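Visitor: So that you have it, the file is query_14.cif, and it contains mmCIF, C-alpha atoms:
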data_data
#
loop_
_atom_site.label_atom_id
_atom_site.label_comp_id
_atom_site.auth_asym_id
_atom_site.auth_seq_id
_atom_site.Cartn_x
_atom_site.Cartn_y
_atom_site.Cartn_z
CA MET A 24 190.86 72.21 107.02
CA PRO A 25 189.90 75.66 108.30
CA THR A 26 186.34 76.18 109.39
CA HIS A 27 186.00 79.91 108.93
CA LEU A 28 183.75 81.40 106.28
CA PRO A 29 185.31 83.93 103.93
CA GLN A 30 184.20 87.50 104.41
CA HIS A 31 182.22 87.55 101.16
CA ALA A 32 179.94 84.89 102.67
CA ARG A 33 178.46 87.28 105.22
CA ARG A 34 174.71 86.98 105.46
CA LEU A 35 174.74 84.51 102.57
CA LEU A 36 172.83 82.00 104.63
CA ARG A 37 169.85 84.20 105.40
CA GLY A 38 168.05 82.70 102.41
CA THR A 39 165.29 80.18 102.12
CA ALA A 40 167.59 77.19 102.50
CA LEU A 41 168.72 78.04 106.01
CA VAL A 42 165.26 79.17 107.10
CA CYS A 43 164.03 75.76 106.00
CA ALA A 44 166.86 74.16 107.93
CA LEU A 45 166.13 75.91 111.18
CA ALA A 46 162.41 76.67 111.24
CA LEU A 47 161.26 74.54 114.13
CA GLY A 48 158.91 71.77 113.19
CA ALA A 49 159.59 72.30 109.49
CA THR A 50 159.10 68.63 108.67
CA ALA A 51 158.63 69.49 105.01
CA CYS A 52 162.36 70.15 104.90
CA GLY A 53 163.29 66.66 105.96
CA GLY A 54 161.59 63.72 107.57
CA SER A 55 162.11 60.02 107.15
CA ASP A 56 159.25 59.08 104.86
CA ASP A 57 161.47 59.32 101.83
CA GLY A 58 164.34 57.08 102.76
CA GLY A 59 165.48 57.59 106.36
CA SER A 60 166.13 54.78 108.78
CA SER A 61 163.71 56.17 111.39
CA GLY A 62 165.92 54.71 114.09
CA LYS A 63 165.47 51.08 112.99
CA ALA A 64 168.41 48.94 114.07
CA VAL A 65 170.70 47.91 111.23
CA SER A 66 172.83 44.90 112.07
CA GLU A 67 176.28 43.96 110.84
CA ALA A 68 174.58 41.13 108.92
CA ASP A 69 172.37 43.70 107.18
CA ILE A 70 175.44 45.71 106.20
CA GLN A 71 177.28 42.66 104.87
CA ALA A 72 174.21 41.63 102.89
CA ALA A 73 174.03 45.11 101.34
CA LEU A 74 177.72 44.95 100.39
CA LYS A 75 177.19 41.55 98.79
CA GLU A 76 174.17 42.76 96.85
CA GLY A 77 175.99 45.89 95.70
CA GLY A 78 174.65 49.17 94.39
CA THR A 79 175.62 52.83 94.03
CA ILE A 80 176.12 55.45 96.72
CA THR A 81 176.68 59.15 96.17
CA VAL A 82 179.16 60.88 98.46
CA TRP A 83 179.40 64.67 98.65
CA ALA A 84 182.81 65.65 99.97
CA TRP A 85 185.69 68.00 99.22
CA GLU A 86 188.34 66.13 101.25
CA PRO A 87 190.93 64.99 98.65
CA THR A 88 192.08 61.73 100.26
CA LEU A 89 188.60 60.21 99.86
CA LYS A 90 189.26 59.67 96.16
CA GLN A 91 191.69 56.84 96.86
CA VAL A 92 189.49 55.54 99.68
CA ALA A 93 186.55 55.26 97.26
CA THR A 94 188.71 53.41 94.74
CA ASP A 95 189.92 50.96 97.39
CA PHE A 96 186.38 50.44 98.72
CA GLU A 97 185.11 49.59 95.23
CA LYS A 98 187.98 47.17 94.76
CA ALA A 99 187.16 45.43 98.05
CA HIS A 100 183.46 45.28 97.14
CA PRO A 101 183.22 44.81 93.34
CA GLY A 102 179.46 45.24 93.23
CA VAL A 103 179.57 48.68 94.82
CA LYS A 104 180.02 51.98 92.97
CA VAL A 105 180.97 55.12 94.89
CA ASN A 106 179.96 58.31 93.10
CA LEU A 107 182.25 60.89 94.72
CA VAL A 108 181.07 64.46 94.07
CA ASN A 109 182.68 67.75 95.12
CA ALA A 110 179.58 69.88 95.61
CA GLY A 111 181.65 72.79 96.97
CA THR A 112 183.67 73.49 100.09
CA ASN A 113 181.95 74.01 103.46
CA LYS A 114 179.28 76.73 103.10
CA ASP A 115 178.81 76.09 99.35
CA GLN A 116 178.10 72.42 99.97
CA TYR A 117 175.86 73.16 102.94
CA THR A 118 173.72 75.46 100.79
CA ALA A 119 173.52 72.81 98.05
CA LEU A 120 172.69 70.10 100.58
CA GLN A 121 169.99 72.20 102.19
CA ASN A 122 168.46 72.95 98.81
CA ALA A 123 168.43 69.24 97.92
CA ILE A 124 166.82 68.37 101.26
CA SER A 125 164.19 71.09 100.78
CA ALA A 126 163.38 69.81 97.29
CA LYS A 127 163.54 66.17 98.45
CA LYS A 128 165.55 65.53 95.32
CA GLY A 129 169.19 64.75 94.68
CA VAL A 130 170.10 64.23 98.35
CA PRO A 131 173.43 62.37 98.63
CA ASP A 132 173.81 59.16 100.61
CA VAL A 133 176.86 60.53 102.45
CA ALA A 134 177.86 64.14 103.11
CA GLN A 135 180.97 65.73 104.59
CA VAL A 136 180.00 68.11 107.42
CA GLU A 137 182.36 70.13 109.61
CA TYR A 138 181.88 69.87 113.36
CA TYR A 139 180.82 73.48 113.76
CA ALA A 140 178.03 72.97 111.20
CA MET A 141 176.76 69.62 112.50
CA GLY A 142 174.01 71.09 114.67
CA GLN A 143 172.47 72.95 111.73
CA PHE A 144 171.43 69.64 110.18
CA ALA A 145 171.13 67.42 113.25
CA LEU A 146 168.59 69.50 115.16
CA THR A 147 165.89 69.18 112.51
CA GLU A 148 166.55 65.46 112.11
CA GLN A 149 168.02 65.86 108.64
CA LEU A 150 170.87 63.50 109.52
CA THR A 151 170.47 59.83 110.44
CA ASP A 152 171.33 59.01 114.03
CA LEU A 153 174.04 56.39 113.54
CA LYS A 154 173.36 54.76 116.89
CA SER A 155 170.91 52.59 114.93
CA PHE A 156 173.99 51.14 113.19
CA GLY A 157 175.81 50.57 116.48
CA ALA A 158 178.07 53.59 115.99
CA ASP A 159 177.99 54.30 119.73
CA LYS A 160 180.24 51.26 120.16
CA LEU A 161 182.97 53.10 118.25
CA SER A 162 183.36 55.93 120.77
CA ALA A 163 186.67 54.62 122.14
CA LYS A 164 188.18 54.73 118.66
CA PHE A 165 188.08 58.54 118.45
CA SER A 166 189.71 61.40 120.34
CA PRO A 167 187.37 63.43 122.58
CA GLY A 168 187.07 66.64 120.55
CA PRO A 169 185.84 65.07 117.29
CA TRP A 170 183.59 62.56 119.05
CA ASN A 171 181.96 65.41 120.94
CA GLY A 172 181.55 67.21 117.61
CA VAL A 173 179.51 64.45 115.93
CA LYS A 174 177.09 64.37 118.88
CA ALA A 175 176.07 67.95 118.04
CA GLY A 176 175.22 68.78 121.64
CA SER A 177 172.82 65.86 121.98
CA ASP A 178 172.68 62.15 122.80
CA GLY A 179 172.73 61.24 119.12
CA ILE A 180 175.66 60.33 116.88
CA TYR A 181 175.13 62.09 113.58
CA ALA A 182 178.36 61.21 111.78
CA LEU A 183 181.67 59.44 112.20
CA PRO A 184 184.70 61.72 112.67
CA MET A 185 186.93 61.91 109.60
CA ASP A 186 189.71 64.15 110.85
CA SER A 187 190.48 66.62 113.58
CA GLY A 188 192.29 69.85 114.23
CA PRO A 189 193.95 69.79 117.65
CA MET A 190 195.77 73.09 117.98
CA ALA A 191 199.48 73.76 118.22
CA LEU A 192 201.77 76.77 117.88
CA PHE A 193 203.65 76.84 114.59
CA TYR A 194 206.62 79.22 114.88
CA ASN A 195 209.47 80.41 112.71
CA LYS A 196 212.57 79.19 114.58
CA LYS A 197 214.90 81.12 112.27
CA VAL A 198 213.20 84.40 113.20
CA PHE A 199 213.02 83.52 116.91
CA ASP A 200 216.72 82.60 116.97
CA LYS A 201 217.70 85.74 115.08
CA TYR A 202 216.16 87.97 117.74
CA GLY A 203 216.81 85.76 120.76
CA ILE A 204 213.12 85.15 121.42
CA GLU A 205 212.14 82.16 123.56
CA VAL A 206 209.26 79.95 122.46
CA PRO A 207 206.32 81.11 124.62
CA THR A 208 204.70 78.59 126.95
CA THR A 209 201.98 80.99 128.16
CA TRP A 210 199.94 83.64 126.38
CA ALA A 211 201.53 86.27 128.64
CA GLU A 212 204.93 85.20 127.27
CA TYR A 213 203.43 85.26 123.78
CA LEU A 214 202.45 88.92 124.29
CA ASP A 215 205.99 89.71 125.42
CA ALA A 216 207.40 87.86 122.40
CA ALA A 217 205.14 89.91 120.14
CA ARG A 218 206.47 93.13 121.65
CA ASP A 219 210.11 92.03 121.44
CA LEU A 220 209.79 90.89 117.84
CA HIS A 221 208.05 94.01 116.57
CA LYS A 222 210.53 96.24 118.40
CA ALA A 223 213.45 94.36 116.84
CA ASP A 224 211.89 94.46 113.38
CA PRO A 225 208.95 96.84 112.85
CA LYS A 226 208.04 94.91 109.68
CA ALA A 227 207.67 91.62 111.58
CA TYR A 228 204.59 90.51 113.52
CA ILE A 229 203.98 87.64 115.90
CA THR A 230 200.97 86.52 113.85
CA ALA A 231 198.32 87.68 111.39
CA ASP A 232 194.75 88.18 112.56
CA ASN A 233 192.11 90.49 111.17
CA GLY A 234 189.15 88.70 112.73
CA ASP A 235 188.26 85.05 112.21
CA ALA A 236 185.33 83.27 113.85
CA GLY A 237 186.89 79.81 113.78
CA PHE A 238 190.07 81.02 115.43
CA ALA A 239 188.22 83.10 118.02
CA THR A 240 185.93 80.27 119.11
CA SER A 241 188.89 77.90 119.35
CA MET A 242 190.73 80.39 121.55
CA LEU A 243 187.66 80.78 123.76
CA TRP A 244 187.44 76.99 123.99
CA GLN A 245 191.03 76.76 125.22
CA ALA A 246 190.57 79.67 127.64
CA GLY A 247 187.70 77.87 129.36
CA SER A 248 184.88 79.97 127.95
CA ARG A 249 181.66 78.12 127.13
CA PRO A 250 179.56 80.79 125.42
CA TYR A 251 177.02 78.40 123.91
CA THR A 252 174.64 76.21 125.90
CA VAL A 253 172.36 74.11 123.73
CA ASN A 254 169.46 71.93 124.84
CA GLY A 255 167.43 71.02 121.78
CA THR A 256 165.69 74.22 120.69
CA LYS A 257 166.70 76.07 123.87
CA VAL A 258 169.87 78.10 123.46
CA LYS A 259 171.90 80.35 125.72
CA ILE A 260 174.58 82.69 124.39
CA ASP A 261 176.90 84.45 126.83
CA PHE A 262 180.31 85.92 126.05
CA SER A 263 180.74 87.48 129.49
CA ASP A 264 182.24 84.51 131.34
CA GLN A 265 185.76 84.55 132.79
CA GLY A 266 187.21 82.49 129.94
CA ALA A 267 186.08 85.04 127.38
CA LYS A 268 187.50 87.86 129.51
CA THR A 269 190.81 86.00 129.80
CA PHE A 270 191.09 85.77 126.01
CA THR A 271 189.88 89.28 125.15
CA ASP A 272 192.10 90.99 127.75
CA THR A 273 195.26 89.55 126.20
CA TRP A 274 194.22 89.78 122.56
CA GLN A 275 193.04 93.37 123.03
CA LYS A 276 196.61 94.35 123.97
CA LEU A 277 197.92 92.78 120.76
CA ILE A 278 195.40 94.84 118.80
CA ASP A 279 195.93 98.09 120.73
CA GLU A 280 199.70 97.89 120.43
CA LYS A 281 199.43 97.08 116.71
CA LEU A 282 201.33 93.82 117.14
CA LEU A 283 199.19 91.84 114.68
CA ALA A 284 199.61 91.76 110.91
CA THR A 285 196.25 92.59 109.36
CA VAL A 286 196.89 90.39 106.34
CA PRO A 287 193.86 88.22 105.47
CA ALA A 288 194.52 84.51 105.90
CA TRP A 289 194.87 82.22 102.88
CA THR A 290 195.89 85.06 100.55
CA ASP A 291 199.11 85.27 98.54
CA GLU A 292 200.25 88.09 100.85
CA TRP A 293 199.66 85.89 103.89
CA TYR A 294 201.70 83.03 102.46
CA LYS A 295 204.42 85.52 101.50
CA GLY A 296 204.57 86.67 105.15
CA LEU A 297 204.84 83.09 106.35
CA GLY A 298 207.60 82.49 103.85
CA ASP A 299 209.73 85.58 104.55
CA GLY A 300 209.35 85.56 108.34
CA SER A 301 207.28 88.73 108.69
CA ILE A 302 204.51 86.56 110.14
CA ALA A 303 206.31 84.54 112.80
CA THR A 304 203.70 82.21 114.34
CA LEU A 305 200.34 80.55 113.74
CA ALA A 306 198.12 79.04 116.43
CA THR A 307 196.02 76.66 114.40
CA GLY A 308 194.98 73.07 113.74
CA ALA A 309 197.21 70.07 113.09
CA TRP A 310 196.10 70.00 109.46
CA MET A 311 198.34 73.02 108.77
CA PRO A 312 201.66 71.35 107.74
CA ALA A 313 200.60 70.52 104.18
CA ASN A 314 199.45 74.11 103.69
CA LEU A 315 202.80 75.48 104.86
CA GLU A 316 204.71 73.04 102.67
CA SER A 317 202.79 74.06 99.55
CA GLY A 318 202.19 77.75 100.32
CA ALA A 319 205.49 78.78 101.93
CA LYS A 320 208.01 76.45 100.28
CA ALA A 321 210.88 78.91 100.66
CA ALA A 322 210.67 78.65 104.47
CA SER A 323 211.22 74.88 104.58
CA GLY A 324 213.45 74.10 107.54
CA ASP A 325 212.71 77.43 109.24
CA TRP A 326 209.50 76.44 111.01
CA ARG A 327 208.88 74.26 114.06
CA VAL A 328 205.87 73.17 116.12
CA ALA A 329 205.33 73.73 119.86
CA PRO A 330 202.42 73.03 122.22
CA MET A 331 199.79 75.73 122.50
CA PRO A 332 200.73 78.49 124.96
CA GLN A 333 198.67 78.17 128.13
CA TRP A 334 196.43 80.64 129.90
CA THR A 335 197.68 79.26 133.23
CA ALA A 336 201.38 78.47 133.62
CA GLY A 337 201.97 74.73 133.75
CA GLY A 338 198.58 73.90 132.26
CA LYS A 339 197.89 71.40 129.50
CA VAL A 340 194.73 72.53 127.78
CA SER A 341 194.16 72.63 124.04
CA ALA A 342 191.22 73.06 121.65
CA GLU A 343 190.10 71.99 118.21
CA ASN A 344 190.31 74.18 115.15
CA GLY A 345 188.72 72.67 112.06
CA GLY A 346 187.94 69.11 111.16
CA SER A 347 184.97 67.33 109.68
CA ALA A 348 182.98 64.11 109.62
CA LEU A 349 180.95 61.96 107.23
CA ALA A 350 177.19 61.89 107.84
CA LEU A 351 174.20 60.11 106.31
CA PRO A 352 171.46 62.58 105.29
CA GLU A 353 168.10 61.26 106.43
CA LEU A 354 166.68 61.42 102.89
CA GLY A 355 169.55 59.46 101.37
CA LYS A 356 169.09 55.97 99.98
CA ASN A 357 171.14 52.79 100.43
CA GLU A 358 171.82 53.56 104.09
CA ALA A 359 173.47 50.22 104.87
CA LEU A 360 175.92 50.67 101.97
CA ALA A 361 176.46 54.30 102.90
CA TYR A 362 177.26 53.44 106.51
CA ALA A 363 179.61 50.68 105.39
CA PHE A 364 181.56 53.25 103.36
CA VAL A 365 181.65 55.78 106.21
CA GLU A 366 182.88 53.19 108.70
CA TYR A 367 185.50 51.95 106.21
CA ALA A 368 186.75 55.48 105.53
CA ASN A 369 186.78 56.74 109.12
CA ALA A 370 187.23 53.71 111.37
CA GLY A 371 188.51 50.97 109.04
CA ASP A 372 191.17 50.37 106.42
CA GLY A 373 190.46 53.72 104.76
CA VAL A 374 192.02 55.57 107.68
CA GLN A 375 195.55 54.41 106.79
CA THR A 376 195.00 55.32 103.16
CA ARG A 377 193.99 58.82 104.17
CA LEU A 378 196.92 59.20 106.57
CA GLU A 379 199.37 58.13 103.85
CA ASN A 380 197.92 60.87 101.67
CA GLY A 381 198.33 63.62 104.28
CA ALA A 382 195.16 63.58 106.37
CA PHE A 383 195.27 64.12 110.13
CA PRO A 384 193.52 61.38 112.13
CA ALA A 385 190.67 61.53 114.58
CA THR A 386 191.32 57.93 115.62
CA THR A 387 193.05 57.47 118.97
CA ALA A 388 195.01 54.36 117.94
CA ASP A 389 196.57 56.17 115.00
CA LEU A 390 197.32 59.28 117.05
CA GLN A 391 199.13 57.09 119.59
CA SER A 392 200.88 54.75 117.14
CA THR A 393 204.67 54.72 116.98
CA LYS A 394 204.56 54.93 113.20
CA PHE A 395 202.50 58.12 113.32
CA GLN A 396 204.37 59.80 116.17
CA ASP A 397 207.81 58.95 114.76
CA THR A 398 207.08 60.53 111.39
CA ALA A 399 209.75 63.16 110.72
CA PHE A 400 208.73 66.36 108.91
CA PRO A 401 211.51 67.67 106.64
CA TYR A 402 209.67 71.01 106.49
CA PHE A 403 210.07 71.33 110.28
CA GLY A 404 213.76 70.44 110.22
CA GLY A 405 213.08 66.74 110.78
CA GLN A 406 210.96 67.40 113.87
CA LYS A 407 208.51 64.67 114.89
CA ALA A 408 205.63 67.11 115.11
CA ASN A 409 202.92 64.47 115.36
CA LYS A 410 203.97 63.85 118.98
CA ILE A 411 202.88 67.40 119.80
CA PHE A 412 199.67 67.11 117.77
CA ALA A 413 198.74 63.82 119.45
CA GLU A 414 199.28 65.26 122.92
CA SER A 415 197.17 68.25 121.96
CA ALA A 416 194.34 65.98 120.79
CA ALA A 417 194.33 64.23 124.17
CA ASN A 418 194.14 67.58 125.98
CA VAL A 419 191.02 68.96 124.29
CA PRO A 420 188.13 69.48 126.75
CA ASP A 421 185.10 67.59 125.43
CA ASP A 422 182.37 69.85 126.80
CA TRP A 423 182.37 72.48 124.06
CA SER A 424 179.13 73.21 122.15
CA TYR A 425 178.45 75.11 118.95
CA LEU A 426 175.18 76.82 118.11
CA PRO A 427 172.68 74.89 116.00
CA TYR A 428 173.10 77.80 113.57
CA GLN A 429 176.84 78.36 113.92
CA VAL A 430 177.22 78.63 110.15
CA TYR A 431 175.12 81.79 110.21
CA ALA A 432 176.71 83.13 113.40
CA ASN A 433 180.18 82.80 111.88
CA SER A 434 179.05 84.63 108.76
CA VAL A 435 178.35 87.82 110.79
CA PHE A 436 181.48 87.62 112.94
CA ASN A 437 183.32 90.24 110.90
CA ASP A 438 180.32 92.60 111.10
CA THR A 439 180.55 92.47 114.91
CA VAL A 440 183.76 91.23 116.54
CA GLY A 441 185.71 92.05 113.40
CA LYS A 442 185.16 95.77 113.97
CA ALA A 443 187.57 95.63 116.90
CA TYR A 444 190.42 95.09 114.44
CA VAL A 445 189.64 98.16 112.34
CA SER A 446 188.03 100.69 114.67
CA GLY A 447 187.87 101.89 118.26
CA THR A 448 185.46 99.10 119.18
CA THR A 449 186.91 96.78 121.81
CA LEU A 450 186.88 93.00 121.47
CA ALA A 451 184.59 92.75 124.49
CA GLU A 452 182.13 95.14 122.81
CA GLY A 453 182.47 93.20 119.58
CA PHE A 454 181.61 89.92 121.29
CA GLN A 455 178.60 91.60 122.90
CA SER A 456 177.44 92.68 119.44
CA TRP A 457 178.01 89.16 118.11
CA GLN A 458 175.96 87.82 120.99
CA GLU A 459 173.10 90.22 120.25
CA ALA A 460 173.12 89.39 116.53
CA SER A 461 173.16 85.65 117.29
CA VAL A 462 170.33 85.99 119.81
CA GLU A 463 168.22 88.00 117.36
CA TYR A 464 168.73 85.47 114.59
CA GLY A 465 167.96 82.53 116.86
CA GLU A 466 164.69 84.14 117.94
CA GLU A 467 163.79 84.85 114.32
CA GLN A 468 164.22 81.15 113.58
CA GLY A 469 162.02 80.05 116.47
CA PHE A 470 164.61 79.09 119.05
CA THR A 471 164.07 79.88 122.71
CA VAL A 472 167.11 82.01 123.46
CA GLU A 473 168.02 82.73 127.06
CA LYS A 474 169.52 86.18 127.52
#
Would you put the structure from the file into structure tokens?
Guide:
Amino acid sequence: MPTHLPQHARRLLRGTALVCALALGATACGGSDDGGSSGKAVSEADIQAALKEGGTITVWAWEPTLKQVATDFEKAHPGVKVNLVNAGTNKDQYTALQNAISAKKGVPDVAQVEYYAMGQFALTEQLTDLKSFGADKLSAKFSPGPWNGVKAGSDGIYALPMDSGPMALFYNKKVFDKYGIEVPTTWAEYLDAARDLHKADPKAYITADNGDAGFATSMLWQAGSRPYTVNGTKVKIDFSDQGAKTFTDTWQKLIDEKLLATVPAWTDEWYKGLGDGSIATLATGAWMPANLESGAKAASGDWRVAPMPQWTAGGKVSAENGGSALALPELGKNEALAYAFVEYANAGDGVQTRLENGAFPATTADLQSTKFQDTAFPYFGGQKANKIFAESAANVPDDWSYLPYQVYANSVFNDTVGKAYVSGTTLAEGFQSWQEASVEYGEEQGFTVEK
């Protein structure tokens, strides 16, 4: 699912909960005295014994396919009860989780955490390092982007990947055919397509973008920019590298020439544009098909999927956009049972259940399976789109890092970079402002931030 925070969430996370999360050495916020594993090895025999003994685990997650997974897990292990709770989506759950950790009360045994938010909880040791359960032996099961995400810029493994969002270009073939526009294979061709489309129909735009942190960081990732360097509590933020310049130079032209629809994503107006062809493409994660099918039903058969346009002709580089994992909060109880559920859901039989209910896998075997790749999408005119998604997943560079406080950084994106979409501020200036705001906040929280 998308990782961006809605605009109304700006500065929401400046409160006590996040300060507690990030204040260095704030052991009162977490610690292992109240239920953590403290790195003690937990064997497969220990896990099987816990399953035999039974008990209850509480899972905080908003991902809908986990409901059936929980039911199946209980059926396979009659003595186990899974209490599945939707404590809110992304930032709402993170606030609730942080509050529970701060109070040392009501902390779930398992929590869904998106990759971009992993560092917020991992740095202060609020998540159990799953290497103590042998999770490091599962690395070959997962595609590189998600596996890199659960490491949170460290040597630890703080969750098991649940899904992923390798990017692709969704495009309206009906619109492209109408105006004789070729599917772009480079971003330079994409810019030309944007010009041709808008000239042919002034009410049509190549895509909608009014400033989105998740999209921008994914585009930087693909362009080769690595703005965040994280080494424990030492952080470097730099949006002046060549990759960032490559992205901003092209995207600035789209803004300057008014070739982007300024419709906010996930609104009724946005879905209307996707349905009537006035928004002709989306560069986003592989989780998007279900959203198109439900939100733009009238356009069924019009849309297709293509590989991401490249910054260098002939290249094969992608990026992740969205996706999340299941983690064990350090203060949770029943860790052996909790880990058994997480492994079942994300690396065991639960994976097929989730795929059958519309999830997109992070597991390499499923991405590469004939069954998965040969799935035809009626919405995309019978196209076997999973072939493109799987190739994208394999082409994601695994050296990307998020900030340990990316949740906060994303919340002020529209106050900085977002200004470039509505004023004379350039994208490059906007990124500089975002950098300054992120540096200031990091220093306030006690990080050593290299300028």
Visitor: Could you list the residues chosen by the PyMOL selection byres ((chain A and resi 211-213) around 10) in this structure as a tab-separated table (two decimals) with C-alpha atoms, in the coordinates of the input?
Guide:
chain	number	residue	atom	x	y	z
A	204	ILE	CA	213.12	85.15	121.42
A	205	GLU	CA	212.14	82.16	123.56
A	206	VAL	CA	209.26	79.95	122.46
A	207	PRO	CA	206.32	81.11	124.62
A	208	THR	CA	204.70	78.59	126.95
A	209	THR	CA	201.98	80.99	128.16
A	210	TRP	CA	199.94	83.64	126.38
A	214	LEU	CA	202.45	88.92	124.29
A	215	ASP	CA	205.99	89.71	125.42
A	216	ALA	CA	207.40	87.86	122.40
A	217	ALA	CA	205.14	89.91	120.14
A	218	ARG	CA	206.47	93.13	121.65
A	219	ASP	CA	210.11	92.03	121.44
A	229	ILE	CA	203.98	87.64	115.90
A	273	THR	CA	195.26	89.55	126.20
A	277	LEU	CA	197.92	92.78	120.76
A	304	THR	CA	203.70	82.21	114.34
A	332	PRO	CA	200.73	78.49	124.96
A	333	GLN	CA	198.67	78.17	128.13
A	334	TRP	CA	196.43	80.64	129.90
A	335	THR	CA	197.68	79.26	133.23
A	336	ALA	CA	201.38	78.47	133.62
Visitor: Taking the file as shown, find all residues satisfying the PyMOL selection byres ((chain A and resi 158-168) around 8) and write them as an MDAnalysis selection string.
Guide: chainID A and resid 153:157 169:172 180 183:184 187 342:343 370 385:388 416:417 419:421
Visitor: Give the answer as one residue: which of A:Ile260, A:Ala284, A:Leu378, A:Leu146 has the shortest atom-to-atom distance to A:Ser461, using only C-alpha atoms?
Guide: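 Distance minimum relative to A:Ser461 lands on A:Ile260.
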Visitor: Quick check, in Å to one decimal: how far apart do atom CA of A:Ser317 and atom CA of A:Ser347 lie?
Guide: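 Atom CA of A:Ser347 lies at a distance of 21.6 Å from atom CA of A:Ser317.
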Visitor: Quick one, how far is atom CA of A:Ser301 from atom CA of A:Tyr228?
Guide: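 Separation between atom CA of A:Ser301 and atom CA of A:Tyr228: 5.8 Å.
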Visitor: Name the closest residue to A:Ile302 among the candidates A:Lys226, A:Lys320, A:Lys128, A:Lys442; distances are taken between atoms, counting all atoms listed in the file.
Guide: A:Lys226
Visitor: Taking only C-alpha atoms into account, name the residue in A:Pro189, A:Gly176, A:Pro312, A:Gly469 that is nearest to A:Phe403.
Guide: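 Ranking A:Pro189, A:Gly176, A:Pro312, A:Gly469 by distance to A:Phe403, first place goes to A:Pro312.
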Visitor: Atom CA of A:Leu150 to atom CA of A:Gly355: how many Å, to one decimal?
Guide: 9.2 Å
Visitor: Given the file shown, enumerate the residues that the PyMOL selection byres ((chain A and resi 309) around 10) captures and present them as a PyMOL selection string.
Guide: chain A and resi 24+186-193+306-308+310-313+328+343-346+382-384+408-409+411-413+415-416
Visitor: Could you dump the residues just selected with C-alpha atoms as an mmCIF file, in the coordinates of the input?
Guide:
data_model
loop_
_atom_site.group_PDB
_atom_site.id
_atom_site.type_symbol
_atom_site.label_atom_id
_atom_site.label_comp_id
_atom_site.auth_asym_id
_atom_site.auth_seq_id
_atom_site.Cartn_x
_atom_site.Cartn_y
_atom_site.Cartn_z
ATOM 1 C CA MET A 24 190.860 72.210 107.020
ATOM 2 C CA ASP A 186 189.710 64.150 110.850
ATOM 3 C CA SER A 187 190.480 66.620 113.580
ATOM 4 C CA GLY A 188 192.290 69.850 114.230
ATOM 5 C CA PRO A 189 193.950 69.790 117.650
ATOM 6 C CA MET A 190 195.770 73.090 117.980
ATOM 7 C CA ALA A 191 199.480 73.760 118.220
ATOM 8 C CA LEU A 192 201.770 76.770 117.880
ATOM 9 C CA PHE A 193 203.650 76.840 114.590
ATOM 10 C CA ALA A 306 198.120 79.040 116.430
ATOM 11 C CA THR A 307 196.020 76.660 114.400
ATOM 12 C CA GLY A 308 194.980 73.070 113.740
ATOM 13 C CA TRP A 310 196.100 70.000 109.460
ATOM 14 C CA MET A 311 198.340 73.020 108.770
ATOM 15 C CA PRO A 312 201.660 71.350 107.740
ATOM 16 C CA ALA A 313 200.600 70.520 104.180
ATOM 17 C CA VAL A 328 205.870 73.170 116.120
ATOM 18 C CA GLU A 343 190.100 71.990 118.210
ATOM 19 C CA ASN A 344 190.310 74.180 115.150
ATOM 20 C CA GLY A 345 188.720 72.670 112.060
ATOM 21 C CA GLY A 346 187.940 69.110 111.160
ATOM 22 C CA ALA A 382 195.160 63.580 106.370
ATOM 23 C CA PHE A 383 195.270 64.120 110.130
ATOM 24 C CA PRO A 384 193.520 61.380 112.130
ATOM 25 C CA ALA A 408 205.630 67.110 115.110
ATOM 26 C CA ASN A 409 202.920 64.470 115.360
ATOM 27 C CA ILE A 411 202.880 67.400 119.800
ATOM 28 C CA PHE A 412 199.670 67.110 117.770
ATOM 29 C CA ALA A 413 198.740 63.820 119.450
ATOM 30 C CA SER A 415 197.170 68.250 121.960
ATOM 31 C CA ALA A 416 194.340 65.980 120.790
#
Visitor: Hey, what's within 12 Å of A:Gly405 if we count only C-alpha atoms and toss same-chain stuff fewer than 2 positions away? As a list in words, please?
Guide: Ser323, Gly324, Asp325, Trp326, Arg327, Val328, Asp397, Thr398, Ala399, Phe400, Pro401, Tyr402, Phe403, Lys407, Ala408 and Asn409 of chain A
Visitor: Taking 3 positions as the minimum chain separation for residues in the same chain, which residues sit within 8 Å of stretch 134-144 of chain A when counting all atoms listed in the file? Answer as a ChimeraX atom specification.
Guide: /A:26,44-45,82-85,113,117,131,147-150,169,172-173,175-176,181,345-352,425-430
Visitor: Give me the residues of stretch 152-269 of chain A that have any atom at most 8 Å from an atom of stretch 434-440 of chain A; for each, the nearest atom pair and the distance in Å, rounded to one decimal. Use only C-alpha atoms, sort by chain and number, and format it as a Markdown table.
Guide:
| residue | atom | partner | partner_atom | distance |
| --- | --- | --- | --- | --- |
| A:Gly234 | CA | A:Asn437 | CA | 6.3 |
| A:Asp235 | CA | A:Asn437 | CA | 7.3 |
| A:Ala236 | CA | A:Phe436 | CA | 5.9 |
Visitor: Give me the residues within 12 Å of A:Gly447 as a list in words, counting only C-alpha atoms and dropping any in the same chain fewer than 5 places off.
Guide: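 After dropping sequence-adjacent residues, the list is Gln275, Ile278, Asp279, Val440, Gly441, Lys442, Glu452 and Gly453 of chain A.
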